[in-house]
Amino acid sequence: MKNLFLKFNDSYKMAGTLFILMMFSIVIFMAVGCNATNANEEKTPQSTGSGWGPDRETYTVAEPADHVTFNSITDNPQLGDERNFVRIKEDSETTTYTDNVTLEPGKVYQVMVYYHNNAESNLNDSGVGIAKNTTLKMEVPGVVKAGVKAVFTGTINSSNANPASVYDEAYGTNETSGDVALRYVSGSATVGSNGAVDKATLPDSLFTTGTNLGYDSLDGVIPGCNEYSGYVIFKIRVDQPNFTVSNEVHKTSVEGWKVSA
């Protein structure tokens, strides 16, 4: 299967323990009870577009879902409307996540994807509230033409969720006079969680067939309630000009990448 973007081979160092304000707030929300709110917490910007889908029933922190469903709470104290769960920012401690950025050659950007099984926590003991076979797949363009707005699409799937899939988009506009290439910073896709998967590195299948999420392990199993929620962050670098485009194929049984004919 052709990879959707060019692999960037720079070595990646894990970020320090300091998070920007929004990520710190998400961690706080993940740690508290399902019905806890804080009206004084500043919310991150709401989506200005309609890049999420499908249309679905929504819930609140005080009244979560009676079944497995992802990212459908509209009053998350830190994230706001969870349907807007893919966001992007320049890779800097002084920037915040948003829906749109301008892609500048030579700069690195972070894409953040939030996931939350909105089922009530009291459904976990019976198994009714536990999401199974939960995966995340990202679609990222390899080249962005001059003047074009690139779309970064994240899709969360679960075999027993209703709806089975939810998706959202973030955007990056190339305002230069030439094409730019988006290169994945190798090994940068990591998980933030209260569970054992915290700081786990996700495989490159995140960008092809999709990869498992989880809590105790990356096994696709996520109980209901915000304490089991998490996020994925990965980095891309913008290059221009004089880059070489090659088709790359990732084989599950083989480590690394192979250049296709």
# chains A, B, ... in the order shown; residues from 1 in each chain; ligands from 1
call {"tool": "residues_around", "arguments": {"residues": "Tyr215 in chain A", "least_positions_apart": "4", "cutoff": "6 Å", "atoms": "only C-alpha atoms", "output": "PyMOL selection string"}}
result
chain A and resi 195+197+222
call {"tool": "select_by_dssp", "arguments": {"residues": "range 15-250 of chain A", "states": "strand (DSSP E or B)", "output": "ChimeraX atom specification"}}
result
/A:53,59,65,70,73,76,80,86-90,98,100-102,108-115,117,119,131,135-139,143-144,149-157,165-173,180-185,190-193,201,211-212,222,230-239,248-249
call {"tool": "write_last_selection", "arguments": {"atoms": "C-alpha atoms", "output": "PDB file, in the first residue's frame"}}
result
ATOM      1  CA  GLY A  53     -18.667  13.588  11.021  1.00  0.00           C
ATOM      2  CA  TYR A  59     -24.017  14.064  25.116  1.00  0.00           C
ATOM      3  CA  ALA A  65     -23.920   7.962  26.699  1.00  0.00           C
ATOM      4  CA  PHE A  70     -16.587   8.205  20.691  1.00  0.00           C
ATOM      5  CA  ILE A  73     -19.644  15.131  24.311  1.00  0.00           C
ATOM      6  CA  ASN A  76     -15.764  18.819  27.654  1.00  0.00           C
ATOM      7  CA  GLY A  80     -15.068  21.982  24.275  1.00  0.00           C
ATOM      8  CA  VAL A  86      -8.107  16.736  15.434  1.00  0.00           C
ATOM      9  CA  ARG A  87      -6.051  19.906  15.927  1.00  0.00           C
ATOM     10  CA  ILE A  88      -2.709  21.252  14.781  1.00  0.00           C
ATOM     11  CA  LYS A  89      -0.063  23.741  15.878  1.00  0.00           C
ATOM     12  CA  GLU A  90       3.507  24.778  15.215  1.00  0.00           C
ATOM     13  CA  THR A  98      -6.151  25.172  16.528  1.00  0.00           C
ATOM     14  CA  ASN A 100      -5.958  25.855  10.835  1.00  0.00           C
ATOM     15  CA  VAL A 101      -2.295  26.745  10.382  1.00  0.00           C
ATOM     16  CA  THR A 102      -0.162  28.261   7.644  1.00  0.00           C
ATOM     17  CA  VAL A 108       7.716  21.381  12.198  1.00  0.00           C
ATOM     18  CA  TYR A 109       4.054  21.016  13.207  1.00  0.00           C
ATOM     19  CA  GLN A 110       2.293  18.858  15.781  1.00  0.00           C
ATOM     20  CA  VAL A 111      -1.019  17.155  15.050  1.00  0.00           C
ATOM     21  CA  MET A 112      -3.077  16.147  18.107  1.00  0.00           C
ATOM     22  CA  VAL A 113      -5.930  13.610  18.041  1.00  0.00           C
ATOM     23  CA  TYR A 114      -8.120  13.211  21.147  1.00  0.00           C
ATOM     24  CA  TYR A 115     -10.127  10.054  21.866  1.00  0.00           C
ATOM     25  CA  ASN A 117     -15.301   6.605  24.895  1.00  0.00           C
ATOM     26  CA  ALA A 119     -20.128   5.531  27.731  1.00  0.00           C
ATOM     27  CA  ALA A 131     -15.052  -0.233  23.420  1.00  0.00           C
ATOM     28  CA  THR A 135      -8.251   1.994  16.054  1.00  0.00           C
ATOM     29  CA  LEU A 136      -7.013   5.339  14.788  1.00  0.00           C
ATOM     30  CA  LYS A 137      -6.137   6.034  11.164  1.00  0.00           C
ATOM     31  CA  MET A 138      -4.624   9.282   9.884  1.00  0.00           C
ATOM     32  CA  GLU A 139      -4.710  10.578   6.320  1.00  0.00           C
ATOM     33  CA  VAL A 143       2.596  17.201  -1.325  1.00  0.00           C
ATOM     34  CA  VAL A 144       0.610  20.432  -0.968  1.00  0.00           C
ATOM     35  CA  LYS A 149      -5.372  23.967   1.949  1.00  0.00           C
ATOM     36  CA  ALA A 150      -4.162  20.515   3.038  1.00  0.00           C
ATOM     37  CA  VAL A 151      -6.541  18.312   5.016  1.00  0.00           C
ATOM     38  CA  PHE A 152      -5.374  16.149   7.936  1.00  0.00           C
ATOM     39  CA  THR A 153      -8.105  13.585   8.637  1.00  0.00           C
ATOM     40  CA  GLY A 154      -8.284  11.376  11.720  1.00  0.00           C
ATOM     41  CA  THR A 155     -10.747   8.469  11.889  1.00  0.00           C
ATOM     42  CA  ILE A 156     -11.519   6.520  15.068  1.00  0.00           C
ATOM     43  CA  ASN A 157     -13.125   3.099  14.583  1.00  0.00           C
ATOM     44  CA  SER A 165     -16.521   5.397  12.969  1.00  0.00           C
ATOM     45  CA  VAL A 166     -16.091   9.091  13.703  1.00  0.00           C
ATOM     46  CA  TYR A 167     -13.767  11.482  11.914  1.00  0.00           C
ATOM     47  CA  ASP A 168     -12.507  15.038  12.109  1.00  0.00           C
ATOM     48  CA  GLU A 169     -10.196  17.289  10.107  1.00  0.00           C
ATOM     49  CA  ALA A 170      -7.551  19.927  10.702  1.00  0.00           C
ATOM     50  CA  TYR A 171      -6.051  22.100   7.980  1.00  0.00           C
ATOM     51  CA  GLY A 172      -2.755  23.577   6.822  1.00  0.00           C
ATOM     52  CA  THR A 173      -2.538  26.112   3.991  1.00  0.00           C
ATOM     53  CA  VAL A 180       5.733  21.886  -0.325  1.00  0.00           C
ATOM     54  CA  ALA A 181       6.291  18.338   0.918  1.00  0.00           C
ATOM     55  CA  LEU A 182       5.015  17.049   4.258  1.00  0.00           C
ATOM     56  CA  ARG A 183       7.444  14.627   5.894  1.00  0.00           C
ATOM     57  CA  TYR A 184       6.590  12.551   8.953  1.00  0.00           C
ATOM     58  CA  VAL A 185       9.112  12.879  11.781  1.00  0.00           C
ATOM     59  CA  THR A 190       3.075   8.822  20.738  1.00  0.00           C
ATOM     60  CA  VAL A 191       0.153   8.285  23.116  1.00  0.00           C
ATOM     61  CA  GLY A 192      -0.832  10.368  26.138  1.00  0.00           C
ATOM     62  CA  SER A 193      -2.940   8.400  28.645  1.00  0.00           C
ATOM     63  CA  THR A 201       5.094   4.921  20.242  1.00  0.00           C
ATOM     64  CA  THR A 211      -3.381   1.128  14.497  1.00  0.00           C
ATOM     65  CA  ASN A 212      -4.874   0.023  17.807  1.00  0.00           C
ATOM     66  CA  ILE A 222     -11.018   1.315  26.003  1.00  0.00           C
ATOM     67  CA  GLY A 230      -6.253   9.888  25.763  1.00  0.00           C
ATOM     68  CA  TYR A 231      -4.599  11.584  22.842  1.00  0.00           C
ATOM     69  CA  VAL A 232      -2.091  10.907  20.080  1.00  0.00           C
ATOM     70  CA  ILE A 233       0.488  13.458  18.963  1.00  0.00           C
ATOM     71  CA  PHE A 234       2.711  13.204  15.895  1.00  0.00           C
ATOM     72  CA  LYS A 235       4.969  15.634  14.049  1.00  0.00           C
ATOM     73  CA  ILE A 236       5.370  16.607  10.412  1.00  0.00           C
ATOM     74  CA  ARG A 237       8.027  18.763   8.785  1.00  0.00           C
ATOM     75  CA  VAL A 238       7.371  21.078   5.837  1.00  0.00           C
ATOM     76  CA  ASP A 239      10.055  21.023   3.114  1.00  0.00           C
ATOM     77  CA  GLU A 248       7.115   3.923  -0.181  1.00  0.00           C
ATOM     78  CA  VAL A 249       5.454   0.714   0.898  1.00  0.00           C
TER      79      VAL A 249
END
call {"tool": "residues_around", "arguments": {"residues": "Thr58 in chain A", "least_positions_apart": "6", "cutoff": "10 Å", "atoms": "only C-alpha atoms", "output": "list in words"}}
result
Pro64, Ala65, Thr69, Phe70, Asn71, Ser72, Ile73, Thr74, Asp75, Asp81, Glu82, Arg83 and Asn118 of chain A
call {"tool": "closest_atom_pairs", "arguments": {"of": "range 137-176 of chain A", "to": "range 120-129 of chain A", "cutoff": "12 Å", "atoms": "only C-alpha atoms", "output": "JSON lines"}}
result
{"residue": "A:Asn160", "atom": "CA", "partner": "A:Val128", "partner_atom": "CA", "distance": 9.2}
{"residue": "A:Ala161", "atom": "CA", "partner": "A:Gly129", "partner_atom": "CA", "distance": 9.3}
{"residue": "A:Asn162", "atom": "CA", "partner": "A:Gly129", "partner_atom": "CA", "distance": 11.4}
call {"tool": "write_last_selection", "arguments": {"atoms": "C-alpha atoms", "output": "mmCIF file, in the first residue's frame"}}
result
data_model
loop_
_atom_site.group_PDB
_atom_site.id
_atom_site.type_symbol
_atom_site.label_atom_id
_atom_site.label_comp_id
_atom_site.auth_asym_id
_atom_site.auth_seq_id
_atom_site.Cartn_x
_atom_site.Cartn_y
_atom_site.Cartn_z
ATOM 1 C CA ASN A 160 -19.076 -2.113 18.994
ATOM 2 C CA ALA A 161 -19.463 1.682 18.904
ATOM 3 C CA ASN A 162 -22.458 3.577 17.549
#
call {"tool": "closest_residue", "arguments": {"among": "A:Cys225, A:Ala62, A:Ala146, A:Val68", "to": "Gly178 in chain A", "atoms": "only C-alpha atoms"}}
result
A:Ala146
call {"tool": "residues_around", "arguments": {"residues": "Gly147 in chain A", "least_positions_apart": "6", "cutoff": "8 Å", "atoms": "only C-alpha atoms", "output": "JSON, numbers by chain"}}
result
{"A": [173, 174, 175, 176, 177]}
call {"tool": "closest_residue", "arguments": {"among": "A:Gly187, A:Pro77, A:Gly106, A:Gly51", "to": "Asp91 in chain A", "atoms": "only C-alpha atoms"}}
result
A:Gly106
